[in-house]
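Take a look at the structure below.
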Amino acid sequence: MSGALPLYPLTSKVTAMRGVGPAFAEALEGAGITTVKELLWSLPYRYVDRGSLRKIAELDGAWGAEREVVTVQGVLKDIRSTTTRVRRMALTEALLQDGTGTLRLVWFNQSYLARALRPGDRILAFGPVAATRTGLEMRGPAFENLGKGDPEDGLWSRRYLPLYRRLGPLGGRFRQRLVQEALARAAEPGEWLPPELTRGIPDTLSALRLLHQPPDDADAGDLEAHATPAHRRLACEELFAFALGVCIRKAGRMARRGHAVPTSPELRERLRALLPFRLTGAQRTAFKEIVDDLTSGRVMNRLLQGDVGSGKTLVAFLALAMVAETGGQGALLVPTEVLARQHAATFRRLLGDGADRMELLLGPMKAAEKRKALARIASGEASYVVGTHALFQESVAFQRLQLVVVDEQHRFGVRQREAIKEKGLDPHWLVMSATPIPRSLALALFGDLEQSVLDELPPGRQPITTRLVAPDDAEAAWDRVERELEAGRQAFVISPAIDPQDEAKVPLRDIQAMEALLRARFPDAPLAIVHGRLKADELAARMEAFVKGEARLLLATTVVEVGVDVPNATVMVVDHAERFGLSQLHQLRGRVGRGSHRSHFIMLSASETERLRVLTETQDGFRIAQKDLELRGPGEFFGTRQAGLPRFQAADLVRDRLLLQKCREAAEKALARGLGEAQRDWLRQEQARLRLAEIS
């Protein structure tokens, strides 16, 4: 019957499909699904293997000990919602029966489930099972509501049951039916991948059928790991489209004429005179690459990355000086006011008698102070400009902006970066990253940027002793802090939460509790406290007190993660270290060890000790970042609001990093051969579907 119906091109709107009314269309659109292609590329979140279902009678407490996730199917016989007496948490409980036994399902702080589920509903539940005094229990299970009816109603016509997330009023079962209709009536798309990428993988439509209707002989492990040839096909399409877009942008940039910054022996002497010490080999190499770009007559677009303490700021300063000392203006854009002030102080120190040519521009400056700064920038009197988001404001005008240096690019949105770019005549662009980025991710995030890496530390940097300490042994950490304070040095203490209610589900020692502990333990040590809720001027004043040594202890949240330079601080204690990513902890560790004394980094944690032990084994930021990326994925690696990450549906930047490199090479060859009009149409559709146009 379906063969007699007209076929859907993949670009067809989902509203053309049966049963998709306004409410369902709105729910689909909210999930980014407006076309048949987007529907089919929204893959199942889980596959249930009929052979993996367990009878409740087969379960025992050993499952809980091993924390193995099991799958059971049964009918809800009772569901109720109460409140726990101790911590006043909402508790939802249900009894699941499958004819062989009864299993208690328990959810915390999800009271809406008592309204969403009904006795008689058939449920697939996934989770670890534990034996309790009242019987078997599955806590916080994921589940799929299969509705009411006969368990053998065709649901298990195949070995694998694909499950889809509910989207508002649109349940998973309806999405199953919608996907099956789309697969039956989808028209064959063209072939857009070059031959070197298609060997050994199915075509697009075959791949989608294999993933939405896995054959009985499919490997369950490969399906769960997204490691099938069908997954590879879809990942290839996304990565090839992305790589093509990046290569096209890079080719366009290389064709643009940029301001050629003049150089001379006299300039080299002036720059050498500004240096406080001899550059490392890595710094010299990176600066030579930057000089080559600045003098090439093309617009520079370069990523400068290096480990904590590798000297990125000094290399960036030299690039800005090269422009400023030849009549241009350079701007350094940083994410926080604390960091902006720190960089401004460093630049003034390096410039010496020429410090009056530097201008700092911050959002909360007083009106008269800001007017003076704006006038100096507009007239060109300020050759060096350091600022935060205030540099984006329309009132900021440069006379001859030739170079923009961005510290921590991933903290700025693309539109903000473009706003400052438009203030000059297509200025050169240098991006600094304080987070070492594995090459695979750097290629995806900054694919059209050339890369310079600082992979050695300046001489004289002391190694940092790193320890992981259980909370019960925390006195050892405070003894170390006491010894450093008695020796005349300073200490950081990092707390993960400002208020106890910030983390309702997990009991944390918040910053107020830590303050009480520190004041009792170190009553004679002047203490400064900083966190993100302080007003900018108050935060800056407290940080300044610590920098000057007026405060001996600094209790802080992660506002000190980057840019705070206090050589006299020789110990840092991080409370609840499991709450931080490895790269974030490595950045925090970089706040100590900046002077001539041996420094100490101590993590207090009772959990995730295997993950945290990585930091005790290495101080190589690139190795740590790679491990962090593998454990958490790129979204969490950069923070959940990272706007620059490609929004892939099938590809994964960690798992598919080698495939990304192959796609990059194939894209360069395809562009050299020339793209046909059909390929360009496909590329535009893919860029829109993946929101790749936002990537800079």
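Following the order of the structure tokens, first chain is A, next is B, and so on, with residues numbered from 1 inside each chain and ligands from 1 in the order they appear.
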Applying 10 Å and only C-alpha atoms, which residues near Leu239 (chain A) remain after dropping the ones on its own chain fewer than 4 positions away? List them as a tab-separated table (two decimals) with N, CA and C atoms, in the first residue's frame.
```
chain	number	residue	atom	x	y	z
A	234	LEU	N	26.39	8.37	8.71
A	234	LEU	CA	25.79	9.65	9.10
A	234	LEU	C	26.84	10.59	9.67
A	235	ALA	N	27.77	10.04	10.45
A	235	ALA	CA	28.85	10.89	10.99
A	235	ALA	C	29.69	11.47	9.86
A	243	ALA	N	33.52	20.13	7.47
A	243	ALA	CA	34.86	20.37	6.96
A	243	ALA	C	34.83	21.21	5.69
A	244	LEU	N	33.85	20.95	4.82
A	244	LEU	CA	33.71	21.76	3.60
A	244	LEU	C	33.47	23.22	3.95
A	245	GLY	N	32.55	23.45	4.90
A	245	GLY	CA	32.24	24.82	5.30
A	245	GLY	C	33.46	25.54	5.85
A	444	ALA	N	37.87	21.17	15.04
A	444	ALA	CA	36.43	21.36	14.89
A	444	ALA	C	35.99	22.75	15.34
A	646	PRO	N	29.92	22.71	17.17
A	646	PRO	CA	29.01	22.21	16.15
A	646	PRO	C	27.92	21.34	16.80
A	648	PHE	N	26.32	18.52	16.21
A	648	PHE	CA	26.20	17.27	15.48
A	648	PHE	C	25.15	16.37	16.12
A	650	ALA	N	24.88	12.86	14.78
A	650	ALA	CA	25.43	11.51	14.69
A	650	ALA	C	26.92	11.49	15.00
A	651	ALA	N	27.64	12.54	14.64
A	651	ALA	CA	29.09	12.58	14.85
A	651	ALA	C	29.40	12.93	16.30
A	652	ASP	N	30.57	12.51	16.74
A	652	ASP	CA	31.05	12.82	18.08
A	652	ASP	C	32.51	13.24	17.95
A	653	LEU	N	32.83	14.42	18.47
A	653	LEU	CA	34.15	14.99	18.25
A	653	LEU	C	35.26	14.20	18.94
A	656	ASP	N	35.02	10.35	17.00
A	656	ASP	CA	35.24	10.40	15.56
A	656	ASP	C	36.38	11.34	15.15
A	657	ARG	N	37.35	11.54	16.04
A	657	ARG	CA	38.38	12.53	15.72
A	657	ARG	C	39.23	12.13	14.51
A	659	LEU	N	38.11	10.29	12.01
A	659	LEU	CA	37.21	10.46	10.87
A	659	LEU	C	37.13	11.94	10.47
A	660	LEU	N	37.15	12.83	11.46
A	660	LEU	CA	37.14	14.26	11.16
A	660	LEU	C	38.36	14.66	10.33
A	661	GLN	N	39.50	14.09	10.68
A	661	GLN	CA	40.72	14.41	9.92
A	661	GLN	C	40.59	13.92	8.48
A	662	LYS	N	40.04	12.71	8.29
A	662	LYS	CA	39.84	12.19	6.93
A	662	LYS	C	38.88	13.07	6.14
A	663	CYS	N	37.82	13.52	6.81
A	663	CYS	CA	36.83	14.37	6.14
A	663	CYS	C	37.45	15.72	5.78
A	664	ARG	N	38.33	16.21	6.64
A	664	ARG	CA	39.01	17.47	6.34
A	664	ARG	C	39.87	17.33	5.08
A	667	ALA	N	37.64	17.08	2.08
A	667	ALA	CA	37.02	18.37	1.75
A	667	ALA	C	37.99	19.25	0.97
```
task = Apply DSSP to the backbone of this structure and, from region 189-393 of chain A, keep only the residues in alpha helix (DSSP H); write these as a PyMOL selection string.
result = chain A and resi 195-198+204-212+220-225+229-255+265-274+281-294+312-324+337-351+367-379
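When only C-alpha atoms are used to measure the gap to Pro128 (chain A), the shortest distance among A:Val70, A:Ala491, A:Ala225, A:Ala116 belongs to A:Val70.
As for CA of Arg632 (chain A) and CA of Glu456 (chain A), they are spaced 26.5 Å apart.
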Selection: 12 Å around region 481-485 of chain A, only C-alpha atoms, excl. self and same-chain fewer than 5 positions, as a compact mmCIF listing (two decimals) with C-alpha atoms, in the first residue's frame:
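Resulting contents of selection.txt:
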```
# COMPACT_ATOMS: atom_id res chain seq x y z
CA ALA A 474 41.51 16.99 55.62
CA GLU A 475 43.56 18.04 58.64
CA ALA A 476 46.67 17.17 56.62
CA GLN A 490 49.67 32.86 50.88
CA ALA A 491 46.99 30.27 50.18
CA PHE A 492 43.91 29.72 48.00
CA VAL A 493 40.88 27.72 49.15
CA LEU A 518 38.93 28.85 57.97
CA ARG A 521 41.39 27.23 62.00
CA PHE A 522 43.44 30.33 61.00
CA PRO A 523 42.17 33.15 63.26
CA ASP A 524 45.22 35.40 62.68
CA ALA A 525 45.35 35.13 58.87
CA PRO A 526 43.58 38.02 57.03
CA LEU A 527 40.92 36.39 54.82
CA GLY A 549 49.50 40.47 50.24
CA ALA A 551 44.94 39.21 52.61
CA ARG A 552 46.86 36.01 53.29
CA LEU A 553 44.01 33.58 52.56
CA LEU A 554 41.71 33.80 49.54
CA ASN A 568 53.67 34.38 46.80
CA ALA A 569 50.67 31.97 46.82
CA THR A 570 52.11 28.48 47.25
CA VAL A 571 49.19 26.26 48.25
CA MET A 572 45.64 25.69 47.01
CA VAL A 573 43.01 23.46 48.60
CA HIS A 597 59.01 28.42 46.10
CA ARG A 598 57.70 24.86 45.77
CA SER A 599 53.90 24.84 45.65
CA HIS A 600 51.16 22.41 46.65
CA PHE A 601 47.75 21.57 45.14
CA ILE A 602 45.43 19.53 47.36
```
task = Mind checking which residues fall within 12 Å of Ala375 (chain A), counting only C-alpha atoms, ignoring those fewer than 2 positions away in the same chain, and posting them as a ChimeraX atom specification?
result = /A:359,361,368-373,377-382,395-399
As a CSV table (one decimal) with N, CA and C atoms, in the first residue's frame, please: the residues near Leu95 (chain A) (cut-off 8 Å, only C-alpha atoms, same-chain neighbours under 2 positions excluded).
```
chain,number,residue,atom,x,y,z
A,76,LEU,N,2.3,-1.4,35.9
A,76,LEU,CA,2.2,-0.7,37.2
A,76,LEU,C,0.9,-1.1,37.9
A,77,LYS,N,1.1,-1.4,39.2
A,77,LYS,CA,-0.1,-1.8,40.0
A,77,LYS,C,-0.4,-0.7,41.0
A,78,ASP,N,0.5,0.1,41.3
A,78,ASP,CA,0.3,1.2,42.3
A,78,ASP,C,1.3,2.3,42.1
A,79,ILE,N,0.9,3.5,42.3
A,79,ILE,CA,1.8,4.6,42.2
A,79,ILE,C,1.3,5.7,43.2
A,93,GLU,N,6.7,6.6,44.4
A,93,GLU,CA,7.0,5.2,44.4
A,93,GLU,C,5.9,4.5,43.6
A,97,GLN,N,4.9,-5.1,38.3
A,97,GLN,CA,4.7,-6.6,38.3
A,97,GLN,C,4.8,-7.1,36.9
A,102,THR,N,7.4,-8.8,42.0
A,102,THR,CA,7.1,-7.3,42.1
A,102,THR,C,8.4,-6.6,42.4
A,103,LEU,N,8.6,-5.4,41.7
A,103,LEU,CA,9.8,-4.6,41.9
A,103,LEU,C,9.3,-3.2,42.3
A,104,ARG,N,9.9,-2.6,43.3
A,104,ARG,CA,9.6,-1.2,43.7
A,104,ARG,C,10.4,-0.2,42.9
A,105,LEU,N,9.8,0.8,42.3
A,105,LEU,CA,10.5,1.8,41.5
A,105,LEU,C,10.4,3.1,42.4
```
